[in-house]
Each structure stands twice: as C-alpha cells, then as structure tokens.
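Enquirer: Encoded as structure tokens, here's the structure I'll be asking about.
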Amino acid sequence: MKLSKFDFTGTGKVFRFTLATHVKNKANLISLIILILLALASVPIAVIFSGGSSAVPVQSSSIRAVYIANETPFSLDLDALSTDAYFSNTQFAALSAPQDADPEPGSIYAEIRAQDPGYRIALRCAPDDTWSDSELAQLKSALTHAFDNARLAAVGAQQAQAQLVSAAFSTELVTQRDFLSASDVSFDTKFAVQYGYSIFVMMLSTMAASYIARAIVEEKASKLVELLTVSVRPLALILGKILAVMVFIFGMFLAIILAFFLSYTVSSNFLNVSSFSQLLSSFGIGSQGLNLSPMTVLIVLVSLVLAYFTFSILSGISGTCCSSMEEIDRAQLTSILVIMSAYIVSMIVPAFESGTASVIVSLFPVLSVFCAPVSYVCGNISFALLCLSWGIQALVVAGLALFCARVYNELLIHRGSRVTLRQLFAMAKRPAKEDA
Amino acid sequence: MALTVKNLTKKYGDRTVLDHLSFEMTKPGVYALLGTNGAGKTTAIRMILGMLARDEGEVLWNGKPLDTATCNVGYLAEERGLYPKYSLMDQLLYFASLRGVSRADAKQRIRHWASRLEVEEYLYPQTKVSSAAPPASRFGGVRRVKTQKPKLADQLSKGNQQKIQLMTALISDPELIILDEPLSGLDPVNTDLFKGIIRDEIQKGKYLIMSSHQMATVEEFCTDITILNRSKTVLQGHLSEIKKSYGRVNLFLKTEQEIRRYIDASGAALLTQKEFEYQLKVSGEEQANRLLGMLISNGITVITFDLREPSLHEIFVEKVGEVHEAE
C-alpha cells in the first residue's frame, strides 16, 4: 500500500473505467441522443413558431402611389425614392400643381412649398384610408431626406457630401449622476447574460452532483470499496471519478452545442433565421458593449471547470456519507440546495446595479462561480479581479480536496446511518495519525 | 520473505477496537485470525492493508513497510461486492489493471480462473445450437444458432458471485493473499472447490492470512493462529504446539456393552453417549489408559479407543469463555 494519501497512482485507470461505464450506460446514451435531437430540432421549431418562413419577408409600404406637388425650385429625385426597399411597391409621381380634390384610395398627395420661414411638406390622404402613424412617418422622413438632398444638390454638393450632412444622429437628455454612473451594458443585457450563464452552471453542477454521488454510493452499496482501496488510494479513486464525469458532462454539452450550430447552419439555408438575432436583441444580448472575444470562451471554460470541481468535490463528500442507494437523494439534496441558493442569489444581484455588489459576489466563494465571469463580460469587474476570484475559487477547491483527504478514507469504510455534518467535522478534526 | 505485524492498535475515541496485535509469518503457509464477532479481525486486516489509519504499530513485508510496490497483495473482503450492472469481464479487467496486470495477461488469467472455478459460461458468450425442427417443415427444420450474452453480476447466484470475487483476489498472482471469511455462504461442492484452490496456493508457496469462524477449515489449512476476543489477543502460536500443550484429553470409545459404571469409576467426564459410543473428557493419557485397563480386565469388548488432543473449536470456546468469565 502506498504510504501517502496524495498518491494518485491508478487515477487514470479509474478515469477510463468510470468514463467507459458512463458512455456504455443505456440511460445516459438515451438521454444524450434525446438532447442532441432536441438541439437539432430547436432552430427550425423556433423559427417556425416565431412566424418565420422559407421566403425572406421584405416589409414594404402598402401605399400604392404618392403624388408630389413640388412648388419649390428644388427638383426631387423621384427614382431615388423608389429605390428605398420600404417603398419598392410605391409609385412616386410629380404633379404640376396642387390638387383640391381628395386622392384616390391608397394614394397620398404630398405638397412641398416655401413658407416663412423655411419650407413645408404636407401629406393628404383619402378620407377612407387609415394609414398608421409609423407608415406616414416613414414617408415623411423619406420625402424630407429627398428634399434635403435636392437642396444640397442645388448648391453643388456632391453625393458623399450630401450623405455626410444628412446623416442621422440621436440626442439624449441625462442627469449628471446618470451620466457618471452609466454603463455600456444595459440592465436587460446584464440580466439576460447572467440568467443564461447561471442556468448553464446550475445544469452542469446539478448533473455533476448527481453523477458523482451516484457513482460513489454505487461502489459503497455494492461493497466494492474495500477491494478498490487495496489498489488505489481513496483520493485517486475520487479524482478519477470526478475527471471521468467531467469529460462525460462537458462532452455532452459540447455535443449539444455542436448539434445546435449544425441545426442553425443547415436551417439558415432553408429558413429565415434572422428571428433568432432579433430574439436575442429583444433580450438585450448583442456583442456591442460585452467584452466578447475568443478570450471569453477561455474565461468561461476556466470558470466552468472551477465551478465543476467545487460542486463535484462537495457532492463527492456528501455521497460518501451515505451507505446505501436509498440515502442518495438526501446526499444529493445537500449539494443541490447549495447550488440552488447560489443560483438564486446570482439572479438577484443584477437588480442592484451596484459595482460593489458585483465585486462582492464575484469574490465570495460558491457565488463567484456563478457571478464572476458574467461580471467581467459585462464590464463590472476588471480582469485582475476576475483572476483574484479564480484564485479564491482554486483555494476553495484545494481546501475541499484537503478536507476530503482527511475524511474520505474513513467515510469510505463507514457503514451504517448517514454521517452527519457534526460527525464529518469531528473526523476532520482528529489528529493526523500515521496513514498506512 | 516475511510478514511482520507489530503492535497494531486502533481506537475510536475511548474505545479500543484492536489492542496491540502482533504476529509474524516467516515462511509460506496459512495464518489464521480467529475471534468472536466484533473481536477486531476485520479491523486488523484493514489496518494491515492500509485502509484504516493506525494509532500504533507497523506492518512490514521483508522488513519494509507493506507497499504495493514491494508486495503483490490479493484480498477477498468480508463484505463482498461487484458492480451489479456492468459486464463481469469488464470488471475483472478493471481490477486486474488496478493491480498492474496487463490486458493480455489479464485475459489469459481470467480464462484460467474461469475454467478452474467453473464460471466460463457467465464470462464468455455462449453459443447454443437448437436442432429442434418445426413439425411441418419440408426440409427437416432449421438449426437455430443462438448466442447467449455474458451475464451481469446481479444475474449470478451468491456462490457464483463469490467465485468471481475470488478471481479478483487471485488475478494478480499475489504473494500475500488475505481471505476474510472465504468459505462463508458456500455450498459443500463450492466449499471443496475453494479449499482446492487454497491448497494449490499453499503449494505454490504463497503467504495466506485467513479469517474464519469455521474452525474445521482453519484446522485443515492453518499452521499458526491468533485468537482475538474483544480487541485483545487471547491465544497465539503454532496450532499443533497449542494443541499439544492441552494434552490428549478427548477420548472416543465404542464398545459392545454398557460401560457407564466404569467411566464413573475412572473419574472421566462423559460428554455424549449414543448407544455404546461414548465421548469422554479425560485429564490425560494416564486416566484414559486406566479406563481402558478397567474395561479389558472386566471382559468388555472395546471396538474403538481414540484418544485425541482438543479440537480448535474447543480451544476457541474455552479461551473466549475464560475471558468472559474473568470479566
């Protein structure tokens, strides 16, 4: 028998066997196939239910014709007006003089004349036509733009100069306080990113807790532990399992993500998938303002691995406190309660919109696995703080591993009722004796 | 090669579950750890194997701390188990790999032990050919070839599971074999099979430590014993010497006449009587010979006169009983 608790000989063999058993497990395989099929079907189903179709819809005005009586010396480019996609079905025609009669249904009279000061564009509709305000506003905007271009052309401005002068701009009125505390990322965006990431971490952690606790209790209940610990140290045994389950779960998520991208790529050839980006935009998710880059993928991966190790060691310890499969639900409950609590807190934090709150939750163990990467991506904490958060998480993982090393040997051999938290700490407090 | 166990002690709080156990195996053979339930046998084995931390003591193999690097150990635990839903072959290959046996060697050894323990049909796919022809078949029927899948652990009987577990203990061809209650729960046929394997291992020069409640089995194999009672060693030594120290005190007599009055006159204690067969406890050879002389001089026909040392069972009961009485 090796003398050190930290002898990891045999970890690879435990890893390979555990991974093989997970991959060969029919229930796991069926779950994976169902999830992949759902991911493959998700894009077409979402597009169909969001009103998408095979043809890309072009939104256009329902105004049939616009008759323009231009009493100014500036000549409007009517062809340019028709090139606007929105007015592709609208006919623009010039009138020699303003008309007193009402226009035909579906048509609009536009009168452009000089007034003191400036100019006036007036639109007149048929009595029975009920155009929406936005449609009339679009027409008004198009005519104003065309009239501006006509005036600029009259003074000899080139097209590029005209575009420069008439480019759109927006104005915003804010207080000084709001201006100073303004963030690049909106509340909606922060909430949506936090929501998505937290759900992902929660799924990963609960799956890890479930798989690892089950794998350990199965060995204890099957009375295999003694046979195994003759050849492998307990820490090597649990590490092999944790790594195998990690590869299995991450592989499963990767397969689902790949299936989703495959579905998106294939669907984009047949369906209008732009509704997806519109959907994301409606949640406030876009690349603008977020610290998104290839580095983000790495940051998310590191954070997920740390989250995985934190919760898998916790569930490993709670699983080892049980002696039979009947106790497994209670063992999982402990880990899942911790995960759910952290998840709920992570969902509440964006509501505070406070930089201090972001820093606290990014550094606080267990919560940080949910909050730190999102806070960084949303620009609430710096990269240095993110690294500090990782450091603290790594220390927590190391602390849990050391605690595990102190109690795991005894817990594995333990038979009888479930070990309580008090008994667990009593085991850990016992002075370190010579380990065989 | 030698195994030395020195002053192994284990305490849980104020409770001592193993108190300074020491013994030594200097040559191949079987060493028996005997004791009542809860005496500390399994704790001792777990400490020898390094599963439990020691409060005191050490275990040496060839003068060095027992280590898988220096000693190839095979262990059949008292609490026996297998993964219930995984293939037996995968499990055996896994346990073999943990013991450092290459896959090719492991497959060869599994084949050998499967044959020896008569469990081949559970480990390898079986092909069954059915020649039963449908009665209406014009061509005399079709021979159906059906492949039966290898079984999972939970589809095996307890005895067959125990055979697989023994395979896991022996698959690395260990130098030191620790068997905790190896024959418990086996039927007589499988008991003989297991005994045969233990005999083979002894002949191969292996070191065996055996814990058992079956005293007859221990007597059959063991050269040295330790009897534990409530964590303490109450008797230890070479079995034949221990027996010799008790003297020949068990007398079995078979006669053709009733001899009760001669037994009473000799002072021997009558334990059991069935017709003219008597089990007696005598103080020694002198008392037994005096009784025999008395019977012959009175014309009693003696068919059997068998004077023996006490059995291990009797020694065990006596030693454990002494401790209980003293307490």
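Scheme for the structure tokens: letters A, B, ... for chains in order shown; per-chain residue numbers from 1; ligand numbers from 1 in order shown.
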Just list the residues in region 155-291 of chain B DSSP gives helix (DSSP H, G or I) on the backbone, as a PyMOL selection string.
Expert: chain B and resi 155+158-170+188-203+215-221+239-246+260-266+285-291
Enquirer: Please produce a file of those selected residues containing C-alpha atoms, as a short mmCIF file (atom, residue, chain, number, x, y, z; two decimals), in the first residue's frame.
Expert:
data_model
loop_
_atom_site.label_atom_id
_atom_site.label_comp_id
_atom_site.auth_asym_id
_atom_site.auth_seq_id
_atom_site.Cartn_x
_atom_site.Cartn_y
_atom_site.Cartn_z
CA GLN B 155 -27.80 -12.21 -12.50
CA LYS B 158 -24.31 -15.71 -4.42
CA GLY B 159 -21.90 -18.63 -4.78
CA ASN B 160 -21.01 -17.70 -8.35
CA GLN B 161 -20.53 -14.05 -7.38
CA GLN B 162 -18.15 -15.29 -4.69
CA LYS B 163 -16.18 -17.18 -7.32
CA ILE B 164 -15.80 -14.01 -9.40
CA GLN B 165 -14.70 -12.17 -6.28
CA LEU B 166 -12.08 -14.82 -5.57
CA MET B 167 -10.88 -14.34 -9.15
CA THR B 168 -10.38 -10.63 -8.48
CA ALA B 169 -8.27 -11.52 -5.44
CA LEU B 170 -6.10 -14.01 -7.30
CA PRO B 188 -20.41 -28.12 0.03
CA VAL B 189 -19.41 -28.50 -3.64
CA ASN B 190 -18.14 -24.94 -3.94
CA THR B 191 -16.54 -25.19 -0.49
CA ASP B 192 -14.44 -28.08 -1.78
CA LEU B 193 -13.62 -26.09 -4.92
CA PHE B 194 -12.40 -23.13 -2.84
CA LYS B 195 -10.46 -25.44 -0.50
CA GLY B 196 -8.73 -26.98 -3.50
CA ILE B 197 -7.65 -23.53 -4.68
CA ILE B 198 -6.38 -22.60 -1.21
CA ARG B 199 -4.38 -25.83 -1.13
CA ASP B 200 -2.89 -25.01 -4.55
CA GLU B 201 -1.88 -21.55 -3.40
CA ILE B 202 -0.20 -23.02 -0.30
CA GLN B 203 1.70 -25.44 -2.52
CA MET B 215 -12.76 -23.94 12.90
CA ALA B 216 -12.60 -27.21 10.99
CA THR B 217 -11.46 -25.34 7.88
CA VAL B 218 -8.87 -23.39 9.85
CA GLU B 219 -7.54 -26.62 11.36
CA GLU B 220 -7.34 -28.10 7.89
CA PHE B 221 -5.10 -25.36 6.50
CA LEU B 239 -1.53 -24.71 16.18
CA SER B 240 -0.04 -28.15 16.78
CA GLU B 241 2.00 -26.84 19.73
CA ILE B 242 -1.06 -25.19 21.22
CA LYS B 243 -2.93 -28.45 20.89
CA LYS B 244 -0.04 -30.40 22.38
CA SER B 245 0.02 -28.08 25.35
CA TYR B 246 -3.55 -29.10 26.12
CA ARG B 260 -21.23 -46.28 32.26
CA ARG B 261 -20.19 -47.52 35.71
CA TYR B 262 -16.54 -47.99 34.62
CA ILE B 263 -16.49 -44.41 33.29
CA ASP B 264 -17.81 -43.10 36.60
CA ALA B 265 -15.25 -45.19 38.46
CA SER B 266 -12.36 -43.83 36.36
CA GLU B 285 -3.28 -40.29 28.91
CA GLU B 286 -2.96 -41.89 32.38
CA GLN B 287 -6.65 -41.63 33.14
CA ALA B 288 -7.57 -42.88 29.67
CA ASN B 289 -5.25 -45.91 29.99
CA ARG B 290 -6.62 -46.70 33.45
CA LEU B 291 -10.13 -46.76 32.00
#
Enquirer: Pick out the residues sitting within 10 Å of Ala39 (chain A), and hand them over as number ranges by chain; count only C-alpha atoms, and ignore anything fewer than 5 positions along from it in its own chain.
Expert: A: 33-34, 44, 255-264
Enquirer: Given a cut-off of 7 Å, which residues of chain B touch chain A, counting only C-alpha atoms, written out as a ChimeraX atom specification?
Expert: /B:49-55,66-68,75,77,79-83,94,98-99
Enquirer: Using only C-alpha atoms, can you tell me which of B:Asp19, B:Glu121, B:Asp90, B:Glu78 comes closest to Pro182 (chain B)?
Expert: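 Looking at the shortest contact to Pro182 (chain B), the residue is B:Glu78.
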Enquirer: Residues of region 166-278 of chain B in strand (DSSP E or B) according to DSSP, as a PyMOL selection string?
Expert: chain B and resi 176-180+207-211+224-229+232-238+250-255+269-274+277-278
Enquirer: Please provide as a PyMOL selection string all residues within 7 Å of region 4-12 of chain B, with the sequence filter that same-chain residues fewer than 4 positions apart are discarded (counting only C-alpha atoms).
Expert: chain B and resi 16-25+54-61
Enquirer: Let's have the selection written as a CSV table (one decimal), in the first residue's frame, with C-alpha atoms.
Expert:
chain,number,residue,atom,x,y,z
B,16,THR,CA,-10.1,0.3,21.6
B,17,VAL,CA,-11.1,-1.9,18.8
B,18,LEU,CA,-7.7,-3.6,18.3
B,19,ASP,CA,-5.2,-3.7,21.1
B,20,HIS,CA,-1.5,-4.3,20.2
B,21,LEU,CA,-1.9,-7.2,17.8
B,22,SER,CA,1.5,-8.7,16.8
B,23,PHE,CA,2.3,-11.8,14.8
B,24,GLU,CA,4.9,-12.9,12.2
B,25,MET,CA,4.9,-15.2,9.2
B,54,ARG,CA,-3.1,3.0,12.6
B,55,ASP,CA,-3.0,4.6,16.1
B,56,GLU,CA,0.1,2.5,16.8
B,57,GLY,CA,2.1,-0.3,15.2
B,58,GLU,CA,3.5,-1.2,11.8
B,59,VAL,CA,3.2,-3.8,9.1
B,60,LEU,CA,6.4,-5.0,7.4
B,61,TRP,CA,6.9,-7.1,4.4
Enquirer: From the set B:Gly74, B:Lys64, B:Val320, B:Met1, which residue has the shortest atom-to-atom contact distance to Asn229 (chain B), counting only C-alpha atoms?
Expert: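 When distances to Asn229 (chain B) are compared using only C-alpha atoms, the smallest one comes from B:Val320.
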Enquirer: Excluding Ile171 (chain B) and any residue of its chain fewer than 4 positions from it, enumerate the residues within 12 Å of it, using only C-alpha atoms, and give them as a count of residues only.
Expert: 35
Enquirer: For region 311-320 of chain A, work out the shell of residues within 10 Å, counting only C-alpha atoms and skipping chain neighbours fewer than 6 positions away, then give it as a ChimeraX atom specification.
Expert: /A:204-220,238-239,241-243,245-246,327-336,338-339,366,369,397-398,400-401,403-405,407-414,418-421,424
Enquirer: Please measure the separation of CA of Ile225 (chain B) and CA of Gly35 (chain B), giving the value in Å to one decimal.
Expert: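 That distance, rounded to one decimal, is 10.3 Å.
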